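**Q** This structure is in structure tokens; I'll ask about it shortly.
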Amino acid sequence: MQIRPILAALRRHRMATVLIALEIALACAVLCNACFLIAGRIGAIQVDSGVDEASLATVQLAGYENAHAVDLNARVLAGLGSIPGVQSASLLNSIPFGARRGTAGITTDMAGKQFGGVVEFYVGGPGSLAALGTRLVAGRNPQPDDFRPFTALMPDDAPVQVTRALAEHLWPGADPLGKEFWLDKSHFRVVGVIDHLVRPDPGGWPGDSRDWSVFVPAQSSVYLSGSYLLRAAPRDLHRVLRDARAAIAKIAPDAVLDQDGTQTLGDLRTRSFQKDRAMIGMLVGVIVALLLVTALGIVGLASFWVAQRRRQIGIRRAIGATRRDILHYFQTENFLIVSFGIVLGMALAYALNLLLMTHYELPRLPLAYLPIGAIALWLLGQLAVLGPALRAAAVPPVVATRG
Amino acid sequence: MFGYYLDLALRSLKRNKVLTALMVIAIAVGIGASMTTLTVMHLLSGDPVPTRSGTLFYPQVDGNPTPGDFKQPLDVMDYQSAVDLWGARRADRQALVVDSPVRLSAPGVNLPALMPSMLSTTSDFFPMFDVPFRYGSGWSADDDARHARVAVISDDLNRKLFGGRDSVGQVLRLRDTDVRIVGVLQPWRPSPVFYTVAGGRFANGDTAEFYGKTQDVFTPFFTGLELNDGNFQQFTCWHMPERPGHLQNSPCAWVRLWVQLGDAGKVAAYRQFLDGYAAQQAALGRIVRPQNTRLRSLMQWLDYNGVVPGDVRLQTWLAFAFLAICLFNMIGLLLAKFLRRSGEIGVRRALGASRGAVFAQCLVEAGLVGLIGGIGGLGLTLLGLWLVRRQPVAYADLVHLDVSMFVATFVTAIAASLLAGVLPAFRASRVAPGLQLKSV
């Protein structure tokens, strides 16, 4: 296939060629970045919580008097524990994908100079870490006498479990067991490392920091009350939660059930990523519309060119060009235009990514997205041009002899 | 002449229906996408108090005693700074603001207790923010001083508890204190709920929550602090508060202050007063960064907090990139369409039509495509907004097409297609008459 005559012909339609190439370039830039955004959102939705979501639910109470908090805890734990099917009921201040009550900045020295980052403190009563079902990768789980009473917002001295991500962030390369950190004057010593325990609000945190969590064992207290974790077999869970909602009215008439916060962890998870799913839907919609419009543009312009060149095509056919030659001519022409567009589009995709990076704290566009965008547009171009090209190939040689 | 061009344009559009349909679809889809996102953007970035936002200001004093270089003061103030500034009464109006969840029941109403959010504020709040009342009114400065047991409730809560009738004089139990209702608001939905906006710069663009509903109960500031003592949430603390939930004289920032300043002179004077206060507190050793004060206007404060959610801004960018693609598409198609008629244009030119006339005629045709595309775009915009309303976001119920955006849809559609038409029309007007006549 001769490329030179095609280029010569395109030069005569410079403006239309440039327009289509520009359209392809813009489409390529938007396509690459939209795909990248979708991949980011999917990654966020699929975050590993590290807990047995399918077996867990939470009950959230509010509106009770602090003076009655410990008594309320005892009543509620006993009441929830006696619901048939409940494997365990325990206290836990923050809930993955739910209530967030332990977000605080820590330091790795007592004087409070070495800032270690903002982490999530999961303060939990006996049985809560076991109920969550986190996987221990080093050290030990909390022992019965680790759970101590406390009277401030946070226990002032406790042996804790930290996530692997947090350990690697605070002490890169070192053995985290035995290491210490502080929250204001409260002191914590690492005795165990768990694989994953996601923050309640992972969507708001970049990269590994969505897994920066600490488990602090503690006894029932004013500052560890009203937030309960239920564990049941997955098939019983919804029924158990329904029973729990009903039971609360009897066992805790002095408290107000937080209807919105009392959910299974599965439902909480779905809800916390609803926005991301909506955004994915919107991005997919944009991509589809974009490809459609681009394809229609190619169809329109190619049809115009075919109509315009009917006589030339007839002449070529009359002097010996096969139908296949004509078909290939238009396909090659489209391939060339789309290729110009893609080259420009890759630069544009990169520029668009830089713009997004400055405004939305997005990571850099991985180079792998560029060939994906290129292949998609090449395929689209070939598909779109096929119809007009076939029509061109069907032009009979006799056209050359007419007026 | 315009009528004639319109007639020509209609004929030309009818002649090649497929090409016309392609152009109309392209412009309609582009306009639909961009006007949907633009409408959401317009609603979320609008002025929540259009009547007087120019006179509302948000003073900040940096109460954090930790030494170090902090570029910005804390988003909210510590109790003492806020109450001192409020007590000085140097502005036309001033209101302290703090919100907390409170247990609420209504004796005589057969409903389980609720946990609504309570806004504790001072009497200037209602006149200052132009809050509309359905029944009764706000409370007086005297009520503030006496820690009066009174409350104003939202229209929502009034419907829920009292079926929407005049409930002024009824009693509510907030935790274990009885308060008397003195006012019921009309439906009031400032977007965002600007007076509690703070911390937006830490939200990573996830700011949809700023656009939720207002609080359901409003009580005098000090009354609220007393009756809900132990249930207050800090914005941040530099040390653990001694009694969590009780934040007066704690090392925490948790109170907001809003002031109304009628003219530029008053703004300058208040700025001076604010600096003077910070300097005086620094002399007392309570504040370490006295120069770190701010007096932002309402809109500056919203801007600083980046209240428009990141997703919405991203969608707007995307939609406009998409519109640009649709326009390129349309330029190409118009070019094809006009040049296909080179023969006809040649005849017109030979018969005496000027280049300008041909140019104008082509533009009329492009504008007509824009108008038809705009009608389609309006339908798609309504569809898009309907989709947005079904999204699980706090601002979903706010989303609607107002008159200005309705007009903007057509203006954008026609402007975009005229813009797209300029280049093809110019090319068409350069058609050489002689050359074309030969081949006719």
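Following the order of the structure tokens, chains are lettered A, B, ..., residues in each are numbered from 1, and ligands are numbered from 1.
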Name all residues at most 9 Å from segment 157-159 of chain A (count only C-alpha atoms; drop same-chain ones fewer than 6 positions away) and give them as an MDAnalysis selection string.
**A** chainID A and resid 142 146:148 186:192 216:218
**Q** Just the alpha helix (DSSP H) stuff from segment 289-402 of chain A, please, per backbone DSSP, written as a VMD selection string.
**A** chain A and resid 289 to 308 310 to 318 323 to 360 369 to 393
**Q** Find the residues around Gln361 of chain B up to 10 Å (only C-alpha atoms counted), leave out those fewer than 4 positions away in its own chain, and share them as a list in words.
**A**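 Once the nearby chain positions are removed, what remains is Met1, Phe2, Tyr4, Tyr5, Leu6, Asp7, Leu8, Ala9, Arg355, Gly356, Ala357, Glu365, Ala366, Gly367, Ala425 and Ser429 of chain B.
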**Q** Atoms to include: C-alpha atoms. Write the selected residues as a PDB file, in the first residue's frame.
**A**
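Saved result, part-v7.pdb, follows:
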ATOM      1  CA  MET B   1     -32.367  38.910   4.948  1.00  0.00           C
ATOM      2  CA  PHE B   2     -32.193  36.871   8.131  1.00  0.00           C
ATOM      3  CA  TYR B   4     -34.129  34.273   3.838  1.00  0.00           C
ATOM      4  CA  TYR B   5     -30.953  32.834   5.356  1.00  0.00           C
ATOM      5  CA  LEU B   6     -33.066  30.885   7.809  1.00  0.00           C
ATOM      6  CA  ASP B   7     -35.070  29.463   4.950  1.00  0.00           C
ATOM      7  CA  LEU B   8     -31.882  28.506   3.102  1.00  0.00           C
ATOM      8  CA  ALA B   9     -30.484  26.935   6.274  1.00  0.00           C
ATOM      9  CA  ARG B 355     -18.284  37.055   0.935  1.00  0.00           C
ATOM     10  CA  GLY B 356     -19.888  38.493   4.030  1.00  0.00           C
ATOM     11  CA  ALA B 357     -23.303  37.372   2.856  1.00  0.00           C
ATOM     12  CA  GLU B 365     -27.168  27.529   9.462  1.00  0.00           C
ATOM     13  CA  ALA B 366     -24.672  26.683  12.229  1.00  0.00           C
ATOM     14  CA  GLY B 367     -26.728  28.670  14.731  1.00  0.00           C
ATOM     15  CA  ALA B 425     -18.183  29.468   7.160  1.00  0.00           C
ATOM     16  CA  SER B 429     -16.937  32.299   1.885  1.00  0.00           C
TER      17      SER B 429
END
**Q** My list of candidates is B:Arg348, B:Arg427, B:Arg52, B:Arg289. Which is closest to chain A when distances are computed with only C-alpha atoms?
**A**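 With only C-alpha atoms as the atom set, the closest residue is B:Arg427.
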**Q** Within 6 Å of chain A, which residues of chain B are there when counting only C-alpha atoms? Please give them as a PyMOL selection string.
**A** chain B and resi 103+325+328-329+332
**Q** Convert the current residue selection to file output with N, CA and C atoms, as a short mmCIF file (atom, residue, chain, number, x, y, z; two decimals), in the first residue's frame.
**A**
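Dumped to again-v9.cif:
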data_model
loop_
_atom_site.label_atom_id
_atom_site.label_comp_id
_atom_site.auth_asym_id
_atom_site.auth_seq_id
_atom_site.Cartn_x
_atom_site.Cartn_y
_atom_site.Cartn_z
N ARG B 103 -30.09 14.72 72.85
CA ARG B 103 -31.27 13.85 72.96
C ARG B 103 -32.49 14.74 73.07
N ILE B 325 -14.72 18.08 22.48
CA ILE B 325 -14.64 17.02 21.47
C ILE B 325 -15.85 17.10 20.54
N PHE B 328 -15.26 19.93 18.07
CA PHE B 328 -14.34 19.57 16.99
C PHE B 328 -15.06 18.74 15.95
N ASN B 329 -15.85 17.82 16.48
CA ASN B 329 -16.64 16.96 15.64
C ASN B 329 -17.54 17.78 14.73
N GLY B 332 -15.77 19.70 11.92
CA GLY B 332 -15.47 18.82 10.80
C GLY B 332 -16.69 18.58 9.93
#
**Q** Need the shell around segment 224-229 of chain B: protein/DNA/RNA residues with any atom at most 6 Å away, counting only C-alpha atoms. Skip same-chain ones fewer than 5 positions apart. Format as a ChimeraX atom specification?
**A** /B:120,219,246
**Q** From a DSSP calculation on the backbone, collect every residue of segment 98-183 of chain B in strand (DSSP E or B) and output the set as a PyMOL selection string.
**A** chain B and resi 98-101+104-105+114+117-121+133-136+150-153+171-174+177-183
**Q** Would you kindly return, as a list in words, each protein, DNA or RNA residue with an atom no farther than 7 Å from any atom of segment 108-117 of chain B, considering only C-alpha atoms and excluding same-chain residues fewer than 6 positions away?
**A** Gly63 and Val256 of chain A; Asp99, Ser100, Pro101, Val102, Leu161, Gln215, Asp216 and Val217 of chain B
**Q** If we count only C-alpha atoms and set the cut-off at 6 Å, which residues sit around segment 371-376 of chain B, ignoring sequence neighbours fewer than 4 positions away in its own chain? Please answer as an MDAnalysis selection string.
**A** chainID B and resid 24 27:28 410 413:414
**Q** Include C-alpha atoms and write out the residues we just selected as a PDB file, in the first residue's frame.
**A**
ATOM      1  CA  VAL B  24     -27.501  17.868  16.368  1.00  0.00           C
ATOM      2  CA  ILE B  27     -24.108  19.244  20.193  1.00  0.00           C
ATOM      3  CA  ALA B  28     -27.042  17.959  22.267  1.00  0.00           C
ATOM      4  CA  PHE B 410     -29.485  27.775  24.915  1.00  0.00           C
ATOM      5  CA  ALA B 413     -25.546  25.702  22.641  1.00  0.00           C
ATOM      6  CA  ILE B 414     -25.910  28.523  20.124  1.00  0.00           C
TER       7      ILE B 414
END
**Q** Might you pull out every residue within 10 Å of Pro371 of chain A, with only C-alpha atoms counted and same-chain residues fewer than 4 positions away left off, and present them as a PDB file with C-alpha atoms, in the first residue's frame?
**A**
ATOM      1  CA  CYS A  32      -6.697   7.629  29.215  1.00  0.00           C
ATOM      2  CA  ILE A 342      -2.905   9.555  19.114  1.00  0.00           C
ATOM      3  CA  MET A 346      -0.566  11.062  24.418  1.00  0.00           C
ATOM      4  CA  LEU A 367       2.445   4.742  30.941  1.00  0.00           C
ATOM      5  CA  ILE A 375      -5.471   0.678  20.646  1.00  0.00           C
ATOM      6  CA  ALA A 376      -9.037   1.613  21.593  1.00  0.00           C
ATOM      7  CA  LEU A 377      -8.980   4.600  19.240  1.00  0.00           C
TER       8      LEU A 377
END
